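Taking it in order: structure first as structure tokens, then the write-up.
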Amino acid sequence: MKIAVIGAGAIGGLVAGYLKAKDEAITLVGRPDAVRAIKENGLLISGVRGDFKFKIEAVERLSLKPDLVILAVKTQDIEVALKDNQEYIQGALVLTTQNGLQADEIVSRYAPKEQIISSIVMFGATALEPGSIVHNFEGPWIIGRIFASNDAAIVSVSNLLNKAFAAIAAEEIKGMKLLKLFVNANNCIPAILGLSMQEAFSDVEISRIAMAIWREGLEVTNRCGMQLVSLPDFPLERLTKLTSLPLSESTKIYSGIMLNLSKEPLYGSILQSIKRGKKSEIDYINGEFVHLAQKNQLVAPLNEKLVEMVHGVERNNKFFSPEELKAAIGEMVN
């Protein structure tokens, strides 16, 4: 199977490298700086599995037709990526990897729904320099059909991905993607502060904001009648139990979880984009709660404020202090 990975950032680079290590035919499509770095120095991966250097074909645009396209760009970059490579994507299976709920719908404007496979990435990686990836922690790769029932293509792709990660085929991937939205929702906090996850959530008062984000998001999704489904490494009960505990208890538990998530400094996807001078995916994560609330005549003021603050960091290239964040959020975390 000929595989094109579009997006040479943290997840795209990691996926391409590990599949290449299993002798798969990989073409990695990336921005000019990433392509140049990979051609000059190889694709460098370090972290929980050790240190590797892969010689891999890296290009700015496709020039051949793959059988499988692993789409690893941010949600806001999907349309450009598909337009740039549309001639060669026709007829290929397209595997989405994005956070949030919008990626599959966007792809369906450019490819038939029967070609689209959705996925949830539960492993973590960081890329702050072109062509250099840190694999922070392991986790499964969940795949399934959003627009139909799982079929033989799911089995085939699952077997392929399983060479590099623990691949799981799931029928209820839509509800799982909704729960993954909660997993990613607190990435906005380190992005606002310019800190690693460990640094940000070592402050129990900052972890208090994280619990408030979850509480508001859960209220919105429940009132919208949306069904959340457990993830392999994040059962739904973890969310419901933590949000039902007194804040004095839940914040300490959450802080401990985040401090032990990775030995290496872990930067969420939102902060990684900001550090690279790129627009983040905040509108498709916390902004999704705001969108759902507005669509159903509800409100999500905390998430709306956090989206606004992330955009402020993007515009001004200036992070907020923990004290400024706490002051801006005010009584919304109580």
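Ordering of the structure tokens sets the chain letters (A, B, ...); residue numbers start at 1 within each chain; ligands are numbered from 1 in the order shown.
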(request) Could you give me, as a VMD selection string, the residues within 12 Å of Gly91 (chain A), counting only C-alpha atoms and dropping anything in the same chain fewer than 5 positions from it? (result) chain A and resid 65 to 69 86 110 to 116
Pull C-alpha atoms from the residues just selected and write them as a CSV table (one decimal), in the first residue's frame.
```csv
chain,number,residue,atom,x,y,z
A,65,LYS,CA,-1.4,8.7,-6.3
A,66,PRO,CA,-1.4,7.0,-2.9
A,67,ASP,CA,-3.7,4.2,-1.8
A,68,LEU,CA,-4.1,5.8,1.7
A,69,VAL,CA,-3.8,9.5,2.7
A,86,GLN,CA,-6.6,17.0,-4.9
A,110,TYR,CA,-13.6,17.2,-1.4
A,111,ALA,CA,-13.9,13.4,-1.3
A,112,PRO,CA,-16.8,10.9,-1.3
A,113,LYS,CA,-17.9,9.9,2.2
A,114,GLU,CA,-17.1,6.2,1.4
A,115,GLN,CA,-13.4,7.2,1.1
A,116,ILE,CA,-13.3,8.8,4.5
```
(message) List the spatial neighbours of region 80-83 of chain A as number ranges by chain - criterion: any atom at most 8 Å away, only C-alpha atoms, same-chain residues fewer than 3 positions off excluded.
(response) A: 6, 73, 77, 86, 89, 107, 110
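Remark: for Ala191 (chain A), the closest of the candidate residues A:Pro130, A:Gly175, A:Pro246, A:Gly268 is A:Gly268 (distances computed over only C-alpha atoms).
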(message) Using only C-alpha atoms, can you tell me which of A:Glu237, A:Ala153, A:Asn334, A:Pro190 comes closest to Val310 (chain A)?
(response)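 The answer is A:Pro190, which sits nearest to Val310 (chain A).
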(request) Go through A:Gly17, A:Pro140, A:Pro301, A:Gly194 one by one, measure the shortest atom-to-atom distance of each to Leu231 (chain A) using only C-alpha atoms, and give the residue with the smallest value. (result)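 Between A:Gly17, A:Pro140, A:Pro301, A:Gly194, the residue approaching Leu231 (chain A) most closely is A:Pro140.
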